[in-house]
Amino acid sequence: MRLNQNILLLGKKVVLVPYTAEHVPRYHEWMKSEELQRLTASEPLTLEQEYAMQCSWREDVDKCTFIVLDAEKWQAQPGTTEESCMAGDVNLFLTDVGDPSLGEIEVMIAEPSCRGKGFGTEAVLMMMSYVTKLGVTKFEAKIGQGNEPSLRMFQKLHFEQVAVSSVFQEVTLRLTMNEWERQWLLEQTSHVEEKPYGDGSQEPRRQRPATGSE
């Protein structure tokens, strides 16, 4: 989705940046993991196919993706490459051509050292906050039945289970943004800063004070 190609979202724990060709080699290495293939219901791709997929995500109007960076690493020192700070990705698909307010959201924290730190939670909240401004008000998440950490995370974010597929071995959860949920999301993401993003034009990095829980 070209709408987010020049946008950087800065949170407490994570930074969300558009998925560019710079990120593809690291992403490709992640997706060689059988565990990640199982958890994301993905098939392994060649590096060339991964580059083609990255272009597709950038161009398609029904997909929005951000690479999740470890904010602490990213801000530690000038000149740190984004690739060395990559933690995972967060995605949104507009799945119903007749209802552009419905989006399927997913998050992957692929880097083992970044798991269990709340990166996925903050990334999902930041994505939700961003796309609600684009008119998305209903969210679905499809999680593998054995992926207990993801199920717990989405339930903590007020998603409710609406279906279970024994065929695909996945659970569908849903959240509709009413006024109370909107206010809650605003409170959860009030710290997030939106900055310009582009080759060579990123905002200067700066140290942020230590923060507590999300």
# chains A, B, ... in the order shown; residues from 1 in each chain; ligands from 1
>>> residues_around(residues="Gly135 (chain A)", least_positions_apart="6", cutoff="10 Å", atoms="only C-alpha atoms", output="tab-separated table (two decimals) with N, CA and C atoms, in the first residue's frame")
chain	number	residue	atom	x	y	z
A	100	PRO	N	-14.82	-2.00	2.82
A	100	PRO	CA	-13.45	-1.52	3.08
A	100	PRO	C	-13.18	-1.19	4.54
A	101	SER	N	-14.19	-1.30	5.39
A	101	SER	CA	-13.98	-1.04	6.82
A	101	SER	C	-13.51	-2.28	7.56
A	102	LEU	N	-13.44	-3.43	6.86
A	102	LEU	CA	-13.04	-4.69	7.47
A	102	LEU	C	-11.62	-5.04	7.07
A	103	GLY	N	-10.77	-5.30	8.06
A	103	GLY	CA	-9.39	-5.67	7.77
A	103	GLY	C	-8.95	-6.86	8.61
>>> closest_atom_pairs(of="region 125-212 of chain A", to="region 36-50 of chain A", cutoff="12 Å", atoms="only C-alpha atoms", output="Markdown table")
| residue | atom | partner | partner_atom | distance |
| --- | --- | --- | --- | --- |
| A:Ala141 | CA | A:Thr40 | CA | 11.8 |
| A:Lys142 | CA | A:Thr40 | CA | 9.7 |
| A:Ile143 | CA | A:Leu39 | CA | 8.1 |
| A:Gly144 | CA | A:Leu39 | CA | 6.5 |
| A:Gln145 | CA | A:Leu39 | CA | 9.5 |
| A:Gly146 | CA | A:Leu39 | CA | 8.4 |
| A:Asn147 | CA | A:Leu39 | CA | 6.9 |
| A:Glu148 | CA | A:Leu39 | CA | 10.6 |
| A:Pro149 | CA | A:Leu39 | CA | 11.0 |
| A:Ser150 | CA | A:Leu39 | CA | 9.7 |
| A:Leu151 | CA | A:Leu39 | CA | 11.8 |
| A:Phe168 | CA | A:Ala41 | CA | 9.4 |
| A:Gln169 | CA | A:Ala41 | CA | 10.3 |
| A:Glu170 | CA | A:Ala41 | CA | 9.9 |
>>> atom_distance(atom1="CA of Glu193 (chain A)", atom2="CA of Asp70 (chain A)")
15.3 Å
>>> closest_atom_pairs(of="region 98-155 of chain A", to="region 87-92 of chain A", cutoff="12 Å", atoms="only C-alpha atoms", output="tab-separated table")
residue	atom	partner	partner_atom	distance
A:Pro100	CA	A:Leu92	CA	11.7
A:Ser101	CA	A:Leu92	CA	11.6
A:Leu102	CA	A:Leu92	CA	9.7
A:Gly103	CA	A:Leu92	CA	6.1
A:Glu104	CA	A:Leu92	CA	5.4
A:Ile105	CA	A:Leu92	CA	4.5
A:Glu106	CA	A:Asn91	CA	5.3
A:Val107	CA	A:Val90	CA	4.2
A:Met108	CA	A:Gly88	CA	5.3
A:Ile109	CA	A:Gly88	CA	4.3
A:Ala110	CA	A:Gly88	CA	4.9
A:Glu111	CA	A:Ala87	CA	5.0
A:Pro112	CA	A:Ala87	CA	8.4
A:Ser113	CA	A:Ala87	CA	8.5
A:Cys114	CA	A:Ala87	CA	6.2
A:Arg115	CA	A:Ala87	CA	8.5
A:Gly116	CA	A:Ala87	CA	11.8
A:Lys117	CA	A:Ala87	CA	11.0
A:Gly118	CA	A:Ala87	CA	11.6
A:Phe119	CA	A:Ala87	CA	8.3
A:Gly120	CA	A:Val90	CA	8.2
A:Thr121	CA	A:Val90	CA	10.3
A:Glu122	CA	A:Val90	CA	10.3
A:Ala123	CA	A:Val90	CA	6.6
A:Val124	CA	A:Val90	CA	6.8
A:Leu125	CA	A:Val90	CA	10.1
A:Met126	CA	A:Val90	CA	9.5
A:Met127	CA	A:Val90	CA	7.3
A:Met128	CA	A:Leu92	CA	8.8
A:Ser129	CA	A:Leu92	CA	11.9
A:Tyr130	CA	A:Leu92	CA	10.6
A:Val131	CA	A:Leu92	CA	8.5
A:Thr132	CA	A:Leu92	CA	11.4
A:Leu134	CA	A:Leu92	CA	11.9
A:Val136	CA	A:Leu92	CA	9.9
A:Lys138	CA	A:Leu92	CA	11.4
A:Phe139	CA	A:Leu92	CA	9.0
A:Glu140	CA	A:Leu92	CA	9.4
A:Ala141	CA	A:Leu92	CA	9.6
A:Lys142	CA	A:Leu92	CA	11.7
>>> select_by_dssp(residues="region 23-100 of chain A", states="strand (DSSP E or B)", output="PDB file with N, CA, C and O atoms, in the first residue's frame")
ATOM      1  N   LYS A  63      -3.459  -4.056   0.789  1.00  0.00           N
ATOM      2  CA  LYS A  63      -2.523  -4.580   1.774  1.00  0.00           C
ATOM      3  C   LYS A  63      -1.732  -3.432   2.387  1.00  0.00           C
ATOM      4  O   LYS A  63      -1.327  -2.503   1.692  1.00  0.00           O
ATOM      5  N   CYS A  64      -1.512  -3.519   3.678  1.00  0.00           N
ATOM      6  CA  CYS A  64      -0.676  -2.535   4.366  1.00  0.00           C
ATOM      7  C   CYS A  64       0.277  -3.311   5.269  1.00  0.00           C
ATOM      8  O   CYS A  64      -0.158  -4.155   6.056  1.00  0.00           O
ATOM      9  N   THR A  65       1.576  -3.048   5.127  1.00  0.00           N
ATOM     10  CA  THR A  65       2.537  -3.768   5.949  1.00  0.00           C
ATOM     11  C   THR A  65       3.604  -2.823   6.476  1.00  0.00           C
ATOM     12  O   THR A  65       3.988  -1.862   5.817  1.00  0.00           O
ATOM     13  N   PHE A  66       4.031  -3.092   7.687  1.00  0.00           N
ATOM     14  CA  PHE A  66       5.157  -2.398   8.292  1.00  0.00           C
ATOM     15  C   PHE A  66       6.139  -3.439   8.806  1.00  0.00           C
ATOM     16  O   PHE A  66       5.730  -4.478   9.325  1.00  0.00           O
ATOM     17  N   ILE A  67       7.421  -3.150   8.684  1.00  0.00           N
ATOM     18  CA  ILE A  67       8.445  -3.931   9.349  1.00  0.00           C
ATOM     19  C   ILE A  67       8.554  -3.408  10.790  1.00  0.00           C
ATOM     20  O   ILE A  67       8.533  -2.191  11.022  1.00  0.00           O
ATOM     21  N   VAL A  68       8.652  -4.320  11.734  1.00  0.00           N
ATOM     22  CA  VAL A  68       8.780  -3.972  13.145  1.00  0.00           C
ATOM     23  C   VAL A  68      10.257  -3.936  13.502  1.00  0.00           C
ATOM     24  O   VAL A  68      10.973  -4.930  13.342  1.00  0.00           O
ATOM     25  N   LEU A  69      10.724  -2.783  13.977  1.00  0.00           N
ATOM     26  CA  LEU A  69      12.096  -2.639  14.428  1.00  0.00           C
ATOM     27  C   LEU A  69      12.140  -2.562  15.945  1.00  0.00           C
ATOM     28  O   LEU A  69      11.217  -2.040  16.585  1.00  0.00           O
ATOM     29  N   ASP A  70      13.207  -3.056  16.519  1.00  0.00           N
ATOM     30  CA  ASP A  70      13.477  -2.907  17.955  1.00  0.00           C
ATOM     31  C   ASP A  70      13.873  -1.450  18.187  1.00  0.00           C
ATOM     32  O   ASP A  70      14.930  -0.997  17.749  1.00  0.00           O
ATOM     33  N   MET A  86      15.700  -5.359  12.835  1.00  0.00           N
ATOM     34  CA  MET A  86      14.414  -5.964  12.497  1.00  0.00           C
ATOM     35  C   MET A  86      13.989  -7.001  13.529  1.00  0.00           C
ATOM     36  O   MET A  86      14.779  -7.840  13.959  1.00  0.00           O
ATOM     37  N   ALA A  87      12.715  -6.911  13.925  1.00  0.00           N
ATOM     38  CA  ALA A  87      12.152  -7.856  14.888  1.00  0.00           C
ATOM     39  C   ALA A  87      11.050  -8.708  14.275  1.00  0.00           C
ATOM     40  O   ALA A  87      10.815  -9.840  14.705  1.00  0.00           O
ATOM     41  N   GLY A  88      10.327  -8.170  13.281  1.00  0.00           N
ATOM     42  CA  GLY A  88       9.215  -8.898  12.672  1.00  0.00           C
ATOM     43  C   GLY A  88       8.446  -8.004  11.728  1.00  0.00           C
ATOM     44  O   GLY A  88       8.986  -7.039  11.187  1.00  0.00           O
ATOM     45  N   ASP A  89       7.160  -8.298  11.559  1.00  0.00           N
ATOM     46  CA  ASP A  89       6.320  -7.452  10.720  1.00  0.00           C
ATOM     47  C   ASP A  89       4.888  -7.487  11.226  1.00  0.00           C
ATOM     48  O   ASP A  89       4.490  -8.370  11.985  1.00  0.00           O
ATOM     49  N   VAL A  90       4.126  -6.475  10.800  1.00  0.00           N
ATOM     50  CA  VAL A  90       2.699  -6.399  11.131  1.00  0.00           C
ATOM     51  C   VAL A  90       1.972  -6.017   9.848  1.00  0.00           C
ATOM     52  O   VAL A  90       2.406  -5.136   9.105  1.00  0.00           O
ATOM     53  N   ASN A  91       0.873  -6.729   9.572  1.00  0.00           N
ATOM     54  CA  ASN A  91       0.195  -6.600   8.279  1.00  0.00           C
ATOM     55  C   ASN A  91      -1.308  -6.431   8.451  1.00  0.00           C
ATOM     56  O   ASN A  91      -1.896  -6.932   9.416  1.00  0.00           O
ATOM     57  N   LEU A  92      -1.896  -5.775   7.463  1.00  0.00           N
ATOM     58  CA  LEU A  92      -3.350  -5.663   7.411  1.00  0.00           C
ATOM     59  C   LEU A  92      -3.798  -5.896   5.977  1.00  0.00           C
ATOM     60  O   LEU A  92      -3.233  -5.339   5.050  1.00  0.00           O
ATOM     61  N   PHE A  93      -4.808  -6.770   5.823  1.00  0.00           N
ATOM     62  CA  PHE A  93      -5.395  -7.065   4.518  1.00  0.00           C
ATOM     63  C   PHE A  93      -6.833  -6.552   4.508  1.00  0.00           C
ATOM     64  O   PHE A  93      -7.588  -6.813   5.452  1.00  0.00           O
ATOM     65  N   LEU A  94      -7.226  -5.874   3.448  1.00  0.00           N
ATOM     66  CA  LEU A  94      -8.634  -5.541   3.243  1.00  0.00           C
ATOM     67  C   LEU A  94      -9.250  -6.735   2.523  1.00  0.00           C
ATOM     68  O   LEU A  94      -9.048  -6.923   1.330  1.00  0.00           O
TER      69      LEU A  94
END
>>> select_by_dssp(residues="region 37-123 of chain A", states="helix (DSSP H, G or I)", output="PDB file with N, CA, C and O atoms, in the first residue's frame")
ATOM      1  N   GLN A  37       7.088 -20.867   9.454  1.00  0.00           N
ATOM      2  CA  GLN A  37       6.217 -21.305   8.365  1.00  0.00           C
ATOM      3  C   GLN A  37       4.942 -21.924   8.925  1.00  0.00           C
ATOM      4  O   GLN A  37       3.845 -21.683   8.414  1.00  0.00           O
ATOM      5  N   ARG A  38       5.095 -22.695   9.997  1.00  0.00           N
ATOM      6  CA  ARG A  38       3.927 -23.339  10.605  1.00  0.00           C
ATOM      7  C   ARG A  38       3.023 -22.302  11.274  1.00  0.00           C
ATOM      8  O   ARG A  38       1.804 -22.319  11.100  1.00  0.00           O
ATOM      9  N   LEU A  39       3.619 -21.402  12.032  1.00  0.00           N
ATOM     10  CA  LEU A  39       2.825 -20.417  12.770  1.00  0.00           C
ATOM     11  C   LEU A  39       2.126 -19.426  11.848  1.00  0.00           C
ATOM     12  O   LEU A  39       1.060 -18.905  12.175  1.00  0.00           O
ATOM     13  N   THR A  40       2.724 -19.139  10.687  1.00  0.00           N
ATOM     14  CA  THR A  40       2.141 -18.164   9.762  1.00  0.00           C
ATOM     15  C   THR A  40       1.449 -18.813   8.573  1.00  0.00           C
ATOM     16  O   THR A  40       0.967 -18.110   7.679  1.00  0.00           O
ATOM     17  N   LEU A  47      14.536 -16.210  -2.839  1.00  0.00           N
ATOM     18  CA  LEU A  47      14.833 -14.800  -2.598  1.00  0.00           C
ATOM     19  C   LEU A  47      14.192 -13.926  -3.670  1.00  0.00           C
ATOM     20  O   LEU A  47      13.646 -12.853  -3.369  1.00  0.00           O
ATOM     21  N   GLU A  48      14.205 -14.388  -4.916  1.00  0.00           N
ATOM     22  CA  GLU A  48      13.586 -13.615  -5.999  1.00  0.00           C
ATOM     23  C   GLU A  48      12.081 -13.465  -5.783  1.00  0.00           C
ATOM     24  O   GLU A  48      11.501 -12.404  -6.011  1.00  0.00           O
ATOM     25  N   GLN A  49      11.447 -14.551  -5.340  1.00  0.00           N
ATOM     26  CA  GLN A  49      10.016 -14.493  -5.053  1.00  0.00           C
ATOM     27  C   GLN A  49       9.731 -13.553  -3.883  1.00  0.00           C
ATOM     28  O   GLN A  49       8.711 -12.852  -3.872  1.00  0.00           O
ATOM     29  N   GLU A  50      10.635 -13.511  -2.911  1.00  0.00           N
ATOM     30  CA  GLU A  50      10.457 -12.631  -1.756  1.00  0.00           C
ATOM     31  C   GLU A  50      10.526 -11.170  -2.182  1.00  0.00           C
ATOM     32  O   GLU A  50       9.742 -10.330  -1.711  1.00  0.00           O
ATOM     33  N   TYR A  51      11.455 -10.850  -3.099  1.00  0.00           N
ATOM     34  CA  TYR A  51      11.528  -9.472  -3.623  1.00  0.00           C
ATOM     35  C   TYR A  51      10.244  -9.119  -4.378  1.00  0.00           C
ATOM     36  O   TYR A  51       9.722  -7.997  -4.266  1.00  0.00           O
ATOM     37  N   ALA A  52       9.716 -10.065  -5.146  1.00  0.00           N
ATOM     38  CA  ALA A  52       8.468  -9.823  -5.881  1.00  0.00           C
ATOM     39  C   ALA A  52       7.308  -9.610  -4.912  1.00  0.00           C
ATOM     40  O   ALA A  52       6.439  -8.760  -5.143  1.00  0.00           O
ATOM     41  N   MET A  53       7.310 -10.366  -3.810  1.00  0.00           N
ATOM     42  CA  MET A  53       6.256 -10.213  -2.810  1.00  0.00           C
ATOM     43  C   MET A  53       6.334  -8.841  -2.144  1.00  0.00           C
ATOM     44  O   MET A  53       5.308  -8.191  -1.896  1.00  0.00           O
ATOM     45  N   GLN A  54       7.554  -8.394  -1.869  1.00  0.00           N
ATOM     46  CA  GLN A  54       7.736  -7.066  -1.272  1.00  0.00           C
ATOM     47  C   GLN A  54       7.161  -5.982  -2.182  1.00  0.00           C
ATOM     48  O   GLN A  54       6.482  -5.057  -1.728  1.00  0.00           O
ATOM     49  N   CYS A  55       7.409  -6.098  -3.487  1.00  0.00           N
ATOM     50  CA  CYS A  55       6.854  -5.130  -4.440  1.00  0.00           C
ATOM     51  C   CYS A  55       5.331  -5.180  -4.445  1.00  0.00           C
ATOM     52  O   CYS A  55       4.655  -4.146  -4.521  1.00  0.00           O
ATOM     53  N   SER A  56       4.791  -6.383  -4.355  1.00  0.00           N
ATOM     54  CA  SER A  56       3.346  -6.554  -4.330  1.00  0.00           C
ATOM     55  C   SER A  56       2.730  -5.860  -3.124  1.00  0.00           C
ATOM     56  O   SER A  56       1.718  -5.165  -3.233  1.00  0.00           O
ATOM     57  N   TRP A  57       3.364  -6.044  -1.959  1.00  0.00           N
ATOM     58  CA  TRP A  57       2.843  -5.412  -0.742  1.00  0.00           C
ATOM     59  C   TRP A  57       2.894  -3.900  -0.853  1.00  0.00           C
ATOM     60  O   TRP A  57       2.016  -3.203  -0.339  1.00  0.00           O
ATOM     61  N   ARG A  58       3.904  -3.379  -1.533  1.00  0.00           N
ATOM     62  CA  ARG A  58       4.015  -1.928  -1.680  1.00  0.00           C
ATOM     63  C   ARG A  58       2.963  -1.384  -2.630  1.00  0.00           C
ATOM     64  O   ARG A  58       2.401  -0.305  -2.411  1.00  0.00           O
ATOM     65  N   GLU A  59       2.657  -2.122  -3.693  1.00  0.00           N
ATOM     66  CA  GLU A  59       1.787  -1.606  -4.744  1.00  0.00           C
ATOM     67  C   GLU A  59       0.309  -1.893  -4.507  1.00  0.00           C
ATOM     68  O   GLU A  59      -0.542  -1.097  -4.897  1.00  0.00           O
ATOM     69  N   ALA A  71      13.026  -0.696  18.874  1.00  0.00           N
ATOM     70  CA  ALA A  71      13.254   0.746  19.035  1.00  0.00           C
ATOM     71  C   ALA A  71      14.543   1.037  19.784  1.00  0.00           C
ATOM     72  O   ALA A  71      15.261   1.994  19.455  1.00  0.00           O
ATOM     73  N   GLU A  72      14.849   0.240  20.788  1.00  0.00           N
ATOM     74  CA  GLU A  72      16.057   0.482  21.567  1.00  0.00           C
ATOM     75  C   GLU A  72      17.309   0.334  20.709  1.00  0.00           C
ATOM     76  O   GLU A  72      18.222   1.170  20.742  1.00  0.00           O
ATOM     77  N   LYS A  73      17.349  -0.718  19.899  1.00  0.00           N
ATOM     78  CA  LYS A  73      18.498  -0.909  19.001  1.00  0.00           C
ATOM     79  C   LYS A  73      18.551   0.187  17.951  1.00  0.00           C
ATOM     80  O   LYS A  73      19.617   0.715  17.628  1.00  0.00           O
ATOM     81  N   TRP A  74      17.402   0.530  17.406  1.00  0.00           N
ATOM     82  CA  TRP A  74      17.328   1.488  16.307  1.00  0.00           C
ATOM     83  C   TRP A  74      17.809   2.868  16.735  1.00  0.00           C
ATOM     84  O   TRP A  74      18.395   3.609  15.953  1.00  0.00           O
ATOM     85  N   GLN A  75      17.558   3.205  18.010  1.00  0.00           N
ATOM     86  CA  GLN A  75      17.924   4.533  18.504  1.00  0.00           C
ATOM     87  C   GLN A  75      19.262   4.558  19.225  1.00  0.00           C
ATOM     88  O   GLN A  75      19.712   5.612  19.667  1.00  0.00           O
ATOM     89  N   ALA A  76      19.903   3.400  19.340  1.00  0.00           N
ATOM     90  CA  ALA A  76      21.108   3.306  20.152  1.00  0.00           C
ATOM     91  C   ALA A  76      22.244   4.177  19.626  1.00  0.00           C
ATOM     92  O   ALA A  76      22.931   4.839  20.388  1.00  0.00           O
ATOM     93  N   GLU A  83      18.051  -3.188   8.933  1.00  0.00           N
ATOM     94  CA  GLU A  83      18.093  -4.640   8.851  1.00  0.00           C
ATOM     95  C   GLU A  83      18.589  -5.259  10.160  1.00  0.00           C
ATOM     96  O   GLU A  83      18.078  -6.290  10.602  1.00  0.00           O
ATOM     97  N   SER A  84      19.562  -4.616  10.802  1.00  0.00           N
ATOM     98  CA  SER A  84      20.106  -5.157  12.047  1.00  0.00           C
ATOM     99  C   SER A  84      19.169  -4.982  13.232  1.00  0.00           C
ATOM    100  O   SER A  84      19.384  -5.581  14.290  1.00  0.00           O
ATOM    101  N   CYS A  85      18.125  -4.169  13.059  1.00  0.00           N
ATOM    102  CA  CYS A  85      17.166  -3.905  14.142  1.00  0.00           C
ATOM    103  C   CYS A  85      15.832  -4.616  13.932  1.00  0.00           C
ATOM    104  O   CYS A  85      14.920  -4.468  14.745  1.00  0.00           O
ATOM    105  N   PRO A 112      13.894 -14.323  17.714  1.00  0.00           N
ATOM    106  CA  PRO A 112      13.670 -14.956  19.026  1.00  0.00           C
ATOM    107  C   PRO A 112      14.002 -14.055  20.212  1.00  0.00           C
ATOM    108  O   PRO A 112      13.274 -14.061  21.217  1.00  0.00           O
ATOM    109  N   SER A 113      15.044 -13.247  20.105  1.00  0.00           N
ATOM    110  CA  SER A 113      15.444 -12.394  21.231  1.00  0.00           C
ATOM    111  C   SER A 113      14.449 -11.266  21.487  1.00  0.00           C
ATOM    112  O   SER A 113      14.512 -10.606  22.529  1.00  0.00           O
ATOM    113  N   CYS A 114      13.526 -11.039  20.547  1.00  0.00           N
ATOM    114  CA  CYS A 114      12.554  -9.954  20.680  1.00  0.00           C
ATOM    115  C   CYS A 114      11.195 -10.437  21.174  1.00  0.00           C
ATOM    116  O   CYS A 114      10.284  -9.626  21.375  1.00  0.00           O
ATOM    117  N   PHE A 119       6.541  -6.519  22.087  1.00  0.00           N
ATOM    118  CA  PHE A 119       6.700  -5.906  20.772  1.00  0.00           C
ATOM    119  C   PHE A 119       5.462  -6.138  19.906  1.00  0.00           C
ATOM    120  O   PHE A 119       4.991  -5.230  19.215  1.00  0.00           O
ATOM    121  N   GLY A 120       4.947  -7.373  19.926  1.00  0.00           N
ATOM    122  CA  GLY A 120       3.785  -7.687  19.108  1.00  0.00           C
ATOM    123  C   GLY A 120       2.566  -6.889  19.516  1.00  0.00           C
ATOM    124  O   GLY A 120       1.814  -6.389  18.668  1.00  0.00           O
ATOM    125  N   THR A 121       2.370  -6.751  20.810  1.00  0.00           N
ATOM    126  CA  THR A 121       1.221  -5.998  21.323  1.00  0.00           C
ATOM    127  C   THR A 121       1.267  -4.549  20.858  1.00  0.00           C
ATOM    128  O   THR A 121       0.283  -4.009  20.342  1.00  0.00           O
ATOM    129  N   GLU A 122       2.423  -3.908  21.039  1.00  0.00           N
ATOM    130  CA  GLU A 122       2.515  -2.504  20.640  1.00  0.00           C
ATOM    131  C   GLU A 122       2.396  -2.351  19.128  1.00  0.00           C
ATOM    132  O   GLU A 122       1.755  -1.420  18.636  1.00  0.00           O
ATOM    133  N   ALA A 123       2.993  -3.283  18.374  1.00  0.00           N
ATOM    134  CA  ALA A 123       2.914  -3.195  16.909  1.00  0.00           C
ATOM    135  C   ALA A 123       1.473  -3.287  16.427  1.00  0.00           C
ATOM    136  O   ALA A 123       1.062  -2.545  15.526  1.00  0.00           O
TER     137      ALA A 123
END
>>> closest_residue(among="A:His28, A:Lys13, A:Arg2, A:Arg152", to="Val61 (chain A)", atoms="only C-alpha atoms")
A:Arg2
>>> atom_distance(atom1="CA of Gly79 (chain A)", atom2="CA of Trp30 (chain A)")
23.2 Å
>>> atom_distance(atom1="CA of Arg26 (chain A)", atom2="CA of Glu82 (chain A)")
10.2 Å
>>> closest_residue(among="A:Leu157, A:Asp96, A:Ala163, A:Ile7", to="Gln188 (chain A)", atoms="only C-alpha atoms")
A:Leu157
>>> closest_residue(among="A:Leu10, A:Leu185, A:Phe154, A:Lys133", to="Thr172 (chain A)", atoms="only C-alpha atoms")
A:Phe154
>>> decode(residues="region 184-200 of chain A", atoms="N, CA and C atoms", output="PDB file, in the first residue's frame")
ATOM      1  N   TRP A 184     -10.256   3.844  24.008  1.00  0.00           N
ATOM      2  CA  TRP A 184      -9.251   2.956  24.597  1.00  0.00           C
ATOM      3  C   TRP A 184      -8.017   2.872  23.705  1.00  0.00           C
ATOM      4  N   LEU A 185      -8.215   2.713  22.387  1.00  0.00           N
ATOM      5  CA  LEU A 185      -7.102   2.627  21.452  1.00  0.00           C
ATOM      6  C   LEU A 185      -6.312   3.927  21.433  1.00  0.00           C
ATOM      7  N   LEU A 186      -7.014   5.046  21.490  1.00  0.00           N
ATOM      8  CA  LEU A 186      -6.347   6.347  21.519  1.00  0.00           C
ATOM      9  C   LEU A 186      -5.464   6.468  22.751  1.00  0.00           C
ATOM     10  N   GLU A 187      -5.958   6.003  23.888  1.00  0.00           N
ATOM     11  CA  GLU A 187      -5.176   6.063  25.126  1.00  0.00           C
ATOM     12  C   GLU A 187      -3.940   5.162  25.040  1.00  0.00           C
ATOM     13  N   GLN A 188      -4.108   3.992  24.423  1.00  0.00           N
ATOM     14  CA  GLN A 188      -3.004   3.032  24.333  1.00  0.00           C
ATOM     15  C   GLN A 188      -1.906   3.493  23.378  1.00  0.00           C
ATOM     16  N   THR A 189      -2.239   4.382  22.467  1.00  0.00           N
ATOM     17  CA  THR A 189      -1.275   4.797  21.439  1.00  0.00           C
ATOM     18  C   THR A 189      -0.985   6.295  21.487  1.00  0.00           C
ATOM     19  N   SER A 190      -1.310   6.943  22.592  1.00  0.00           N
ATOM     20  CA  SER A 190      -1.120   8.394  22.683  1.00  0.00           C
ATOM     21  C   SER A 190       0.352   8.792  22.595  1.00  0.00           C
ATOM     22  N   HIS A 191       1.251   7.855  22.889  1.00  0.00           N
ATOM     23  CA  HIS A 191       2.686   8.142  22.857  1.00  0.00           C
ATOM     24  C   HIS A 191       3.286   8.024  21.462  1.00  0.00           C
ATOM     25  N   VAL A 192       2.547   7.453  20.523  1.00  0.00           N
ATOM     26  CA  VAL A 192       3.106   7.145  19.201  1.00  0.00           C
ATOM     27  C   VAL A 192       3.294   8.428  18.399  1.00  0.00           C
ATOM     28  N   GLU A 193       4.461   8.541  17.768  1.00  0.00           N
ATOM     29  CA  GLU A 193       4.767   9.685  16.916  1.00  0.00           C
ATOM     30  C   GLU A 193       4.823   9.240  15.458  1.00  0.00           C
ATOM     31  N   GLU A 194       4.204  10.009  14.594  1.00  0.00           N
ATOM     32  CA  GLU A 194       4.258   9.750  13.158  1.00  0.00           C
ATOM     33  C   GLU A 194       5.272  10.687  12.523  1.00  0.00           C
ATOM     34  N   LYS A 195       6.238  10.102  11.800  1.00  0.00           N
ATOM     35  CA  LYS A 195       7.317  10.891  11.228  1.00  0.00           C
ATOM     36  C   LYS A 195       7.476  10.563   9.748  1.00  0.00           C
ATOM     37  N   PRO A 196       8.113  11.449   8.991  1.00  0.00           N
ATOM     38  CA  PRO A 196       8.359  11.153   7.569  1.00  0.00           C
ATOM     39  C   PRO A 196       9.401  10.066   7.423  1.00  0.00           C
ATOM     40  N   TYR A 197       9.260   9.263   6.382  1.00  0.00           N
ATOM     41  CA  TYR A 197      10.205   8.183   6.106  1.00  0.00           C
ATOM     42  C   TYR A 197      10.567   8.212   4.634  1.00  0.00           C
ATOM     43  N   GLY A 198      11.830   7.991   4.346  1.00  0.00           N
ATOM     44  CA  GLY A 198      12.270   7.951   2.956  1.00  0.00           C
ATOM     45  C   GLY A 198      13.755   7.726   2.903  1.00  0.00           C
ATOM     46  N   ASP A 199      14.247   7.295   1.776  1.00  0.00           N
ATOM     47  CA  ASP A 199      15.670   7.013   1.626  1.00  0.00           C
ATOM     48  C   ASP A 199      16.495   8.255   1.950  1.00  0.00           C
ATOM     49  N   GLY A 200      17.268   8.124   3.024  1.00  0.00           N
ATOM     50  CA  GLY A 200      18.178   9.207   3.383  1.00  0.00           C
ATOM     51  C   GLY A 200      17.518  10.385   4.059  1.00  0.00           C
TER      52      GLY A 200
END
